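Undergrad: This is model.txt (compact mmCIF, C-alpha atoms and all ligand atoms).
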# COMPACT_ATOMS: atom_id res chain seq x y z
CA MET M 1 123.35 -69.28 -6.65
CA ASN M 2 123.33 -71.10 -10.00
CA ALA M 3 122.87 -74.84 -10.45
CA VAL M 4 125.95 -76.94 -11.22
CA ASN M 5 126.64 -77.22 -14.96
CA TYR M 6 127.53 -80.92 -15.24
CA LYS M 7 129.32 -80.70 -18.57
CA SER M 8 131.49 -77.64 -17.90
CA THR M 9 132.35 -78.93 -14.43
CA ALA M 10 133.47 -82.24 -15.97
CA GLU M 11 135.56 -80.35 -18.54
CA PHE M 12 137.15 -78.30 -15.75
CA LEU M 13 138.15 -81.47 -13.86
CA HIS M 14 139.33 -83.16 -17.05
CA ARG M 15 141.60 -80.19 -17.86
CA ALA M 16 143.03 -80.27 -14.33
CA GLU M 17 144.01 -83.92 -14.86
CA ILE M 18 145.52 -83.31 -18.31
CA GLU M 19 147.39 -80.19 -17.17
CA LYS M 20 148.44 -81.90 -13.89
CA ARG M 21 147.23 -78.93 -11.93
CA GLU M 22 145.34 -78.80 -8.65
CA VAL M 23 142.10 -76.81 -8.67
CA ILE M 24 139.70 -75.32 -6.14
CA ARG M 25 137.03 -77.84 -5.13
CA ILE M 26 133.66 -77.52 -6.84
CA THR M 27 131.73 -77.14 -3.57
CA ALA M 28 133.64 -73.94 -2.79
CA ASP M 29 131.48 -72.33 -5.52
CA TYR M 30 128.48 -74.69 -5.34
CA PRO M 31 128.06 -75.68 -1.69
CA GLU M 32 124.61 -77.05 -2.52
CA MET M 33 125.96 -79.68 -4.97
CA THR M 34 124.39 -83.04 -4.05
CA VAL M 35 125.76 -86.59 -4.38
CA GLU M 36 123.33 -87.05 -7.30
CA ASP M 37 124.68 -83.94 -9.05
CA ALA M 38 128.19 -85.23 -8.45
CA TYR M 39 127.50 -88.57 -10.17
CA LYS M 40 126.07 -86.63 -13.14
CA VAL M 41 129.34 -84.68 -13.37
CA GLN M 42 131.24 -87.99 -13.11
CA GLU M 43 129.14 -89.43 -15.97
CA GLU M 44 130.08 -86.44 -18.15
CA LEU M 45 133.74 -86.88 -17.21
CA VAL M 46 133.63 -90.59 -18.10
CA GLY M 47 131.95 -89.59 -21.39
CA ILE M 48 134.81 -87.19 -22.22
CA LYS M 49 137.39 -89.94 -21.66
CA LEU M 50 135.43 -92.49 -23.73
CA LYS M 51 135.10 -89.94 -26.56
CA GLN M 52 138.88 -89.55 -26.52
CA GLY M 53 139.19 -93.28 -27.20
CA HIS M 54 139.98 -94.50 -23.68
CA ARG M 55 138.41 -97.76 -22.54
CA ILE M 56 137.00 -98.63 -19.10
CA ILE M 57 138.67 -101.66 -17.51
CA GLY M 58 136.20 -101.64 -14.63
CA PRO M 59 134.39 -99.61 -12.03
CA LYS M 60 136.02 -99.22 -8.62
CA MET M 61 134.85 -98.67 -5.07
CA GLY M 62 136.43 -96.08 -2.78
CA LEU M 63 136.20 -95.03 0.85
CA THR M 64 135.15 -98.55 1.85
CA SER M 65 137.36 -98.78 4.97
CA GLN M 66 137.29 -96.90 8.27
CA ALA M 67 140.96 -96.00 7.68
CA LYS M 68 140.10 -94.27 4.40
CA MET M 69 136.87 -92.62 5.60
CA LYS M 70 138.67 -91.18 8.64
CA GLN M 71 141.69 -90.11 6.63
CA MET M 72 139.56 -88.26 4.07
CA ASN M 73 136.88 -87.11 6.55
CA VAL M 74 134.12 -88.59 4.39
CA GLU M 75 131.45 -90.99 5.56
CA GLU M 76 130.19 -93.20 2.79
CA PRO M 77 131.59 -95.38 0.02
CA ILE M 78 131.70 -94.06 -3.53
CA TYR M 79 132.48 -95.45 -6.97
CA GLY M 80 134.42 -94.31 -10.00
CA TYR M 81 135.95 -95.83 -13.14
CA ILE M 82 139.43 -97.11 -14.02
CA PHE M 83 140.51 -96.64 -17.66
CA ASP M 84 143.09 -98.47 -19.77
CA TYR M 85 145.44 -95.44 -19.85
CA MET M 86 145.73 -95.65 -16.05
CA VAL M 87 147.31 -99.11 -15.97
CA ILE M 88 151.00 -99.38 -15.04
CA PRO M 89 152.42 -102.86 -15.65
CA GLU M 90 153.32 -104.92 -12.57
CA GLY M 91 156.92 -104.01 -11.60
CA GLY M 92 156.79 -100.97 -13.90
CA SER M 93 157.32 -97.30 -13.17
CA ILE M 94 155.63 -93.91 -13.29
CA SER M 95 157.24 -90.46 -13.37
CA ILE M 96 156.16 -88.20 -10.52
CA GLN M 97 155.90 -85.42 -13.13
CA GLU M 98 152.93 -87.13 -14.78
CA LEU M 99 150.86 -86.64 -11.62
CA ILE M 100 149.79 -83.84 -9.24
CA HIS M 101 150.27 -85.07 -5.64
CA PRO M 102 149.86 -88.85 -5.84
CA LYS M 103 149.19 -91.25 -2.99
CA VAL M 104 149.15 -95.06 -3.04
CA GLU M 105 146.92 -97.62 -1.33
CA ALA M 106 146.85 -101.43 -1.25
CA GLU M 107 143.71 -103.12 -2.53
CA ILE M 108 142.15 -106.46 -3.45
CA ALA M 109 140.77 -106.56 -7.01
CA PHE M 110 138.07 -108.91 -8.32
CA VAL M 111 137.68 -110.18 -11.86
CA LEU M 112 134.20 -111.48 -12.60
CA GLY M 113 133.43 -114.59 -14.59
CA LYS M 114 129.74 -113.66 -14.89
CA ASP M 115 127.72 -110.46 -15.08
CA ILE M 116 126.15 -109.26 -11.81
CA GLU M 117 123.13 -107.03 -11.79
CA GLY M 118 121.68 -105.38 -8.69
CA PRO M 119 119.70 -104.50 -6.68
CA GLY M 120 119.80 -106.98 -3.82
CA ILE M 121 123.21 -108.51 -4.62
CA THR M 122 125.05 -110.08 -1.65
CA GLY M 123 128.72 -110.82 -1.00
CA ALA M 124 128.03 -114.56 -1.39
CA GLN M 125 126.57 -113.98 -4.87
CA VAL M 126 129.63 -111.93 -5.79
CA LEU M 127 131.98 -114.73 -4.68
CA ALA M 128 130.01 -117.25 -6.75
CA ALA M 129 130.37 -115.02 -9.84
CA THR M 130 134.09 -114.22 -9.31
CA GLU M 131 136.67 -115.83 -11.57
CA TYR M 132 139.67 -114.70 -9.54
CA VAL M 133 141.06 -112.13 -7.14
CA VAL M 134 144.37 -110.33 -7.52
CA PRO M 135 146.46 -107.89 -5.44
CA ALA M 136 146.54 -104.29 -6.62
CA LEU M 137 148.09 -100.92 -5.83
CA GLU M 138 145.94 -97.92 -6.63
CA ILE M 139 147.55 -94.53 -7.19
CA ILE M 140 145.02 -91.85 -6.37
CA ASP M 141 145.62 -88.22 -7.36
CA SER M 142 142.77 -85.93 -6.37
CA ARG M 143 142.59 -82.96 -8.68
CA TYR M 144 141.70 -80.74 -5.69
CA GLU M 145 144.04 -78.44 -3.75
CA ASN M 146 145.77 -80.21 -0.87
CA PHE M 147 143.82 -83.42 -1.61
CA LYS M 148 140.89 -81.89 0.35
CA PHE M 149 137.29 -82.44 -0.68
CA THR M 150 133.73 -83.18 0.39
CA LEU M 151 131.82 -86.28 -0.72
CA PRO M 152 130.26 -84.64 -3.84
CA ASP M 153 133.65 -83.16 -4.86
CA VAL M 154 135.44 -86.52 -4.84
CA ILE M 155 132.59 -88.28 -6.66
CA ALA M 156 132.65 -85.65 -9.43
CA ASP M 157 136.44 -86.15 -9.68
CA ASN M 158 136.02 -89.85 -10.58
CA ALA M 159 136.94 -90.87 -7.01
CA SER M 160 140.50 -89.50 -7.41
CA SER M 161 141.32 -92.32 -9.88
CA SER M 162 144.71 -91.90 -11.53
CA ARG M 163 146.77 -95.08 -11.99
CA VAL M 164 146.65 -98.74 -11.00
CA VAL M 165 149.09 -101.64 -10.83
CA ILE M 166 147.50 -105.08 -10.98
CA GLY M 167 149.47 -108.08 -9.71
CA ASN M 168 149.93 -111.05 -12.00
CA ARG M 169 149.06 -113.90 -9.64
CA LEU M 170 145.43 -114.97 -9.97
CA THR M 171 143.71 -116.75 -7.06
CA ASN M 172 140.35 -118.44 -6.92
CA PRO M 173 138.50 -116.71 -4.05
CA ALA M 174 137.20 -120.07 -2.78
CA GLN M 175 140.80 -120.93 -1.81
CA LEU M 176 141.01 -118.46 1.07
CA GLU M 177 139.07 -116.26 3.46
CA LEU M 178 139.48 -112.83 1.92
CA ASP M 179 138.44 -111.02 5.10
CA LEU M 180 141.37 -112.64 6.93
CA VAL M 181 144.00 -111.79 4.32
CA GLY M 182 146.77 -109.71 5.94
CA VAL M 183 148.04 -106.79 3.85
CA THR M 184 151.21 -104.70 4.18
CA LEU M 185 152.07 -101.60 2.18
CA SER M 186 155.81 -100.78 2.04
CA ILE M 187 157.90 -98.02 0.52
CA ASN M 188 161.62 -98.65 0.05
CA GLY M 189 161.33 -101.73 2.26
CA GLU M 190 159.71 -99.92 5.19
CA ILE M 191 156.14 -100.82 6.18
CA LYS M 192 153.98 -97.67 5.95
CA ASP M 193 150.59 -99.20 6.75
CA LEU M 194 148.92 -102.57 7.17
CA GLY M 195 145.51 -104.11 7.51
CA ALA M 196 143.30 -107.08 6.68
CA GLY M 197 140.68 -107.72 4.01
CA ALA M 198 137.94 -107.29 6.62
CA ALA M 199 138.79 -103.55 6.72
CA VAL M 200 136.87 -103.28 3.44
CA VAL M 201 133.21 -103.25 4.58
CA GLY M 202 133.72 -106.50 6.51
CA HIS M 203 134.74 -108.50 3.42
CA PRO M 204 135.92 -107.24 0.00
CA ALA M 205 133.12 -109.19 -1.73
CA ASN M 206 130.64 -106.97 0.14
CA SER M 207 132.25 -103.97 -1.54
CA VAL M 208 131.59 -105.48 -4.99
CA ALA M 209 128.01 -106.25 -3.93
CA MET M 210 127.52 -102.61 -2.83
CA LEU M 211 128.92 -101.50 -6.18
CA ALA M 212 126.49 -103.72 -8.12
CA ASN M 213 123.62 -102.31 -6.05
CA MET M 214 124.75 -98.69 -6.50
CA LEU M 215 125.16 -99.15 -10.29
CA ALA M 216 121.67 -100.67 -10.50
CA ARG M 217 120.28 -97.22 -9.62
CA LYS M 218 121.38 -96.01 -13.05
CA GLY M 219 120.48 -99.25 -14.82
CA GLU M 220 124.08 -100.50 -15.08
CA LYS M 221 125.57 -103.84 -14.11
CA LEU M 222 128.98 -105.38 -13.46
CA ARG M 223 130.25 -107.39 -16.40
CA ALA M 224 132.27 -110.57 -16.81
CA GLY M 225 135.91 -109.52 -17.33
CA ASP M 226 135.59 -106.25 -15.38
CA VAL M 227 138.58 -105.63 -13.08
CA ILE M 228 137.05 -104.19 -9.91
CA LEU M 229 139.08 -102.46 -7.19
CA THR M 230 137.29 -102.93 -3.86
CA GLY M 231 138.86 -99.95 -2.03
CA GLY M 232 141.98 -99.30 0.03
CA VAL M 233 142.61 -101.82 2.81
CA THR M 234 145.31 -99.48 4.11
CA GLY M 235 145.31 -95.70 4.39
CA ALA M 236 146.81 -93.89 1.39
CA VAL M 237 150.50 -92.89 1.54
CA MET M 238 152.09 -89.90 -0.28
CA LEU M 239 154.52 -90.78 -3.09
CA SER M 240 157.90 -89.20 -3.92
CA ALA M 241 160.40 -89.70 -6.72
CA GLY M 242 162.71 -92.59 -5.87
CA ASP M 243 160.06 -94.65 -4.08
CA THR M 244 159.80 -98.37 -4.69
CA VAL M 245 156.31 -99.33 -3.54
CA SER M 246 155.17 -102.85 -2.78
CA ALA M 247 152.15 -104.50 -1.24
CA LYS M 248 152.15 -108.05 0.12
CA LEU M 249 148.84 -109.86 0.54
CA ASP M 250 148.88 -113.13 2.43
CA GLY M 251 147.99 -115.97 0.06
CA LEU M 252 147.47 -113.59 -2.87
CA GLY M 253 151.04 -112.50 -3.59
CA GLU M 254 152.83 -109.22 -4.14
CA VAL M 255 152.54 -106.23 -6.41
CA SER M 256 155.02 -103.40 -6.90
CA PHE M 257 156.08 -100.38 -8.96
CA LYS M 258 158.62 -97.53 -8.86
CA VAL M 259 158.27 -93.76 -8.87
CA THR M 260 160.87 -91.92 -10.97
CA GLU M 261 161.81 -88.21 -11.34
C1 LIG L 301 139.13 -91.05 -2.85
C2 LIG L 301 139.40 -92.36 -3.50
C3 LIG L 301 139.29 -93.47 -2.52
C4 LIG L 301 139.77 -95.86 -1.97
O1 LIG L 301 140.25 -96.95 -2.28
O2 LIG L 301 139.31 -95.65 -0.84
C5 LIG L 301 139.76 -94.79 -2.99
C6 LIG L 301 140.35 -90.49 -2.15
O3 LIG L 301 140.68 -90.96 -1.07
O4 LIG L 301 140.95 -89.57 -2.70
O5 LIG L 301 140.15 -95.04 -4.11
MG MG L 302 141.25 -96.91 -4.07
As C-alpha cells, what does this structure read like?
Ligand code: OOG
Ligand code: MG
TA:
Amino acid sequence: MNAVNYKSTAEFLHRAEIEKREVIRITADYPEMTVEDAYKVQEELVGIKLKQGHRIIGPKMGLTSQAKMKQMNVEEPIYGYIFDYMVIPEGGSISIQELIHPKVEAEIAFVLGKDIEGPGITGAQVLAATEYVVPALEIIDSRYENFKFTLPDVIADNASSSRVVIGNRLTNPAQLELDLVGVTLSINGEIKDLGAGAAVVGHPANSVAMLANMLARKGEKLRAGDVILTGGVTGAVMLSAGDTVSAKLDGLGEVSFKVTE
C-alpha cells in the first residue's frame, strides 16, 4: 500500500470543509497512517488556510477529558488550530447549512500574556503566564462520515475545528480555582451535560502545558495573545436549527449563540 500523500490528503479534507460534505476517513485507505503522518497532513491543511489569507487565533487542545475520549473512542489528547474565520461573536448565530453535522462543547479558554516554550512546561508556569481566562463554546464538525474516526484521522482533520464563540468576560486565573469551576451546557434552556474544570486533565492549565510541550516537538511555542481552547469539559452535543446554546461557568460567566435554518 502507498504512503500517505500529505498535501493531497490535506486538499481532500479542505475541500470537504468548503463543500460541507462528509468524506470517508483517511485510515480506511491508509490504515498504517501514524500520528506523525497525521500532524504532517494537519500542517499542510493549516498551510492551505494561511495561503488563503486566514489567520490563526490560537492552537487548541482536544480530547483532554475522559468524557470526550470515551465519547470519541480515542485515547490521547490532540491539538489543532482555530482560525479567524471560525469565530462567531458572543450571542451571535450560525446557519446549520454552513456546517456538516455540528456538535457543541463547553470549554475554558486561556489568553496568554507571555510566550511559553516547551518542553518541560508545567500548569503552574502556564498560570503565571496567563493574562486571563474566558468561557467558550466550541462547535466541532468532523469532516468524516458519521463523525467517526481514529486518532490519526481526527488529527489530520485539524481536530474537527469548525467554529468558536468566546465569552466577553475576562477573569484573572488567580481569582479562582479553575479545576473547581462548575460548567453546564444547555440547549433551549435544558441542561444537556455538565462537568467541572478538573475534567480537563486535572486542571485546564495542565492542558495548556501539554500543548506547549507537544508544540515544542516541532520547534513551535505558545505566544502572548494566543486564544487557547483547553478542550471540552462536557461531552459534545449535536446541534439542530432553532437551538439556542448556552454554557454557564461558575465565576467565569456565560457564553451563548443560536443555530438558524
Ligand atoms: C475532536 C475534537 C475534540 C475537544 O475539545 O475535545 C475537541 C472531536 O471530538 O471531534 O475539540
Ligand atoms: Mg474542543
Undergrad: Calculate how many Å separate CA of Ala236 (chain M) from CA of Gln66 (chain M), rounding to one decimal.
TA: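 So the answer is 12.1 Å.
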Undergrad: Using all atoms listed in the file, which residue out of M:Thr234, M:Gln97, M:Thr34, M:Gln125 lies closest to ligand MG 302 (chain L)?
TA: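 Result for the nearest residue to ligand MG 302 (chain L): M:Thr234.
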Undergrad: Smallest atom-to-atom distance to ligand LIG 301 (chain L): which of M:Arg163, M:Lys114, M:Arg223, M:Lys20, using only C-alpha atoms and all ligand atoms?
TA: M:Arg163
Undergrad: Please check which residues have atoms at most 6 Å from (152.6, -105.1, -6.1) in the file's coordinates, counting all atoms listed in the file, and write them as a ChimeraX atom specification.
TA: /M:167,246-247,254-256
Undergrad: With all atoms listed in the file as the counted atoms, please give the residues lying no more than 12 Å from Val134 (chain M), apart from itself and same-chain residues fewer than 6 positions off, as a PDB file with C-alpha atoms, in the coordinates of the input.
TA:
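Listing of result.pdb after writing:
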ATOM      1  CA  GLU M  90     153.320-104.920 -12.570  1.00  0.00           C
ATOM      2  CA  ALA M 106     146.850-101.430  -1.250  1.00  0.00           C
ATOM      3  CA  GLU M 107     143.710-103.120  -2.530  1.00  0.00           C
ATOM      4  CA  ILE M 108     142.150-106.460  -3.450  1.00  0.00           C
ATOM      5  CA  ALA M 109     140.770-106.560  -7.010  1.00  0.00           C
ATOM      6  CA  PHE M 110     138.070-108.910  -8.320  1.00  0.00           C
ATOM      7  CA  VAL M 111     137.680-110.180 -11.860  1.00  0.00           C
ATOM      8  CA  LEU M 112     134.200-111.480 -12.600  1.00  0.00           C
ATOM      9  CA  VAL M 165     149.090-101.640 -10.830  1.00  0.00           C
ATOM     10  CA  ILE M 166     147.500-105.080 -10.980  1.00  0.00           C
ATOM     11  CA  GLY M 167     149.470-108.080  -9.710  1.00  0.00           C
ATOM     12  CA  ASN M 168     149.930-111.050 -12.000  1.00  0.00           C
ATOM     13  CA  ARG M 169     149.060-113.900  -9.640  1.00  0.00           C
ATOM     14  CA  LEU M 170     145.430-114.970  -9.970  1.00  0.00           C
ATOM     15  CA  THR M 171     143.710-116.750  -7.060  1.00  0.00           C
ATOM     16  CA  ASN M 172     140.350-118.440  -6.920  1.00  0.00           C
ATOM     17  CA  PRO M 173     138.500-116.710  -4.050  1.00  0.00           C
ATOM     18  CA  LEU M 178     139.480-112.830   1.920  1.00  0.00           C
ATOM     19  CA  VAL M 181     144.000-111.790   4.320  1.00  0.00           C
ATOM     20  CA  PRO M 204     135.920-107.240   0.000  1.00  0.00           C
ATOM     21  CA  VAL M 227     138.580-105.630 -13.080  1.00  0.00           C
ATOM     22  CA  ILE M 228     137.050-104.190  -9.910  1.00  0.00           C
ATOM     23  CA  LEU M 229     139.080-102.460  -7.190  1.00  0.00           C
ATOM     24  CA  THR M 230     137.290-102.930  -3.860  1.00  0.00           C
ATOM     25  CA  ALA M 247     152.150-104.500  -1.240  1.00  0.00           C
ATOM     26  CA  LYS M 248     152.150-108.050   0.120  1.00  0.00           C
ATOM     27  CA  LEU M 249     148.840-109.860   0.540  1.00  0.00           C
ATOM     28  CA  ASP M 250     148.880-113.130   2.430  1.00  0.00           C
ATOM     29  CA  GLY M 251     147.990-115.970   0.060  1.00  0.00           C
ATOM     30  CA  LEU M 252     147.470-113.590  -2.870  1.00  0.00           C
ATOM     31  CA  GLY M 253     151.040-112.500  -3.590  1.00  0.00           C
ATOM     32  CA  GLU M 254     152.830-109.220  -4.140  1.00  0.00           C
ATOM     33  CA  VAL M 255     152.540-106.230  -6.410  1.00  0.00           C
TER      34      VAL M 255
END
Undergrad: When the cut-off is 6 Å and you count all atoms listed in the file, which residues lie near ligand MG 302 (chain L), shown as a ChimeraX atom specification?
TA: /M:62,138,231-232
Undergrad: Please, which residues in chain M fall within 6 Å of ligand LIG 301 (chain L) when counting only C-alpha atoms and all ligand atoms, and what is the closest atom pair and distance in Å to one decimal for each, ordered by chain then residue number, as a tab-separated table?
TA:
residue	atom	partner	partner_atom	distance
M:Gly62	CA	L:LIG301	C4	3.4
M:Leu63	CA	L:LIG301	O2	3.6
M:Thr64	CA	L:LIG301	O2	5.7
M:Lys68	CA	L:LIG301	O2	5.5
M:Met72	CA	L:LIG301	O3	5.9
M:Ile140	CA	L:LIG301	O4	5.9
M:Ser142	CA	L:LIG301	O4	5.5
M:Ala159	CA	L:LIG301	C2	4.5
M:Ser160	CA	L:LIG301	O4	4.7
M:Gly231	CA	L:LIG301	O1	3.3
M:Gly232	CA	L:LIG301	O1	3.7
Undergrad: Pick out the residues sitting within 9 Å of Asn213 (chain M), and hand them over as a list in words; count only C-alpha atoms, and ignore anything fewer than 2 positions along from it in its own chain.
TA: Glu117, Gly118, Pro119, Gly120, Ile121, Val208, Ala209, Met210, Leu211, Leu215, Ala216, Arg217 and Lys221 of chain M
Undergrad: Which of these residues is nearest to Glu145 (chain M), using only C-alpha atoms: M:Ile78, M:Leu176, M:Val23, M:Ile94?
TA: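 For Glu145 (chain M), the nearest of the candidates is M:Val23.
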Undergrad: Tell me which of M:Ile100, M:Met214, M:Val154, M:Val245 sits closest to Gly189 (chain M), counting all atoms listed in the file.
TA: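 Smallest distance to Gly189 (chain M) is found for M:Val245.
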Undergrad: What is the CA of Ile155 (chain M) to CA of Ser240 (chain M) distance in Å?
TA: 25.5 Å
Undergrad: For Ala224 (chain M), which residue out of M:Thr130, M:Thr244, M:Gln175, M:Asn158 is the nearest one, using only C-alpha atoms?
TA: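 Comparing M:Thr130, M:Thr244, M:Gln175, M:Asn158 against Ala224 (chain M), the winner is M:Thr130.
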Undergrad: Near Leu127 (chain M), within 8 Å and counting all atoms listed in the file, which residues show up once chain neighbours fewer than 4 positions away are dropped, as a ChimeraX atom specification?
TA: /M:123,173-174,205
Undergrad: Need the shell around Ala199 (chain M): protein/DNA/RNA residues with any atom at most 8 Å away, counting all atoms listed in the file. Skip same-chain ones fewer than 2 positions apart. Format as a list of chain:residue names?
TA: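 Within the cut-off, the hits are M:Thr64, M:Ser65, M:Gln66, M:Ala67, M:Asp179, M:Gly195, M:Ala196, M:Gly197, M:Val201, M:Gly202, M:His203, M:Val233.
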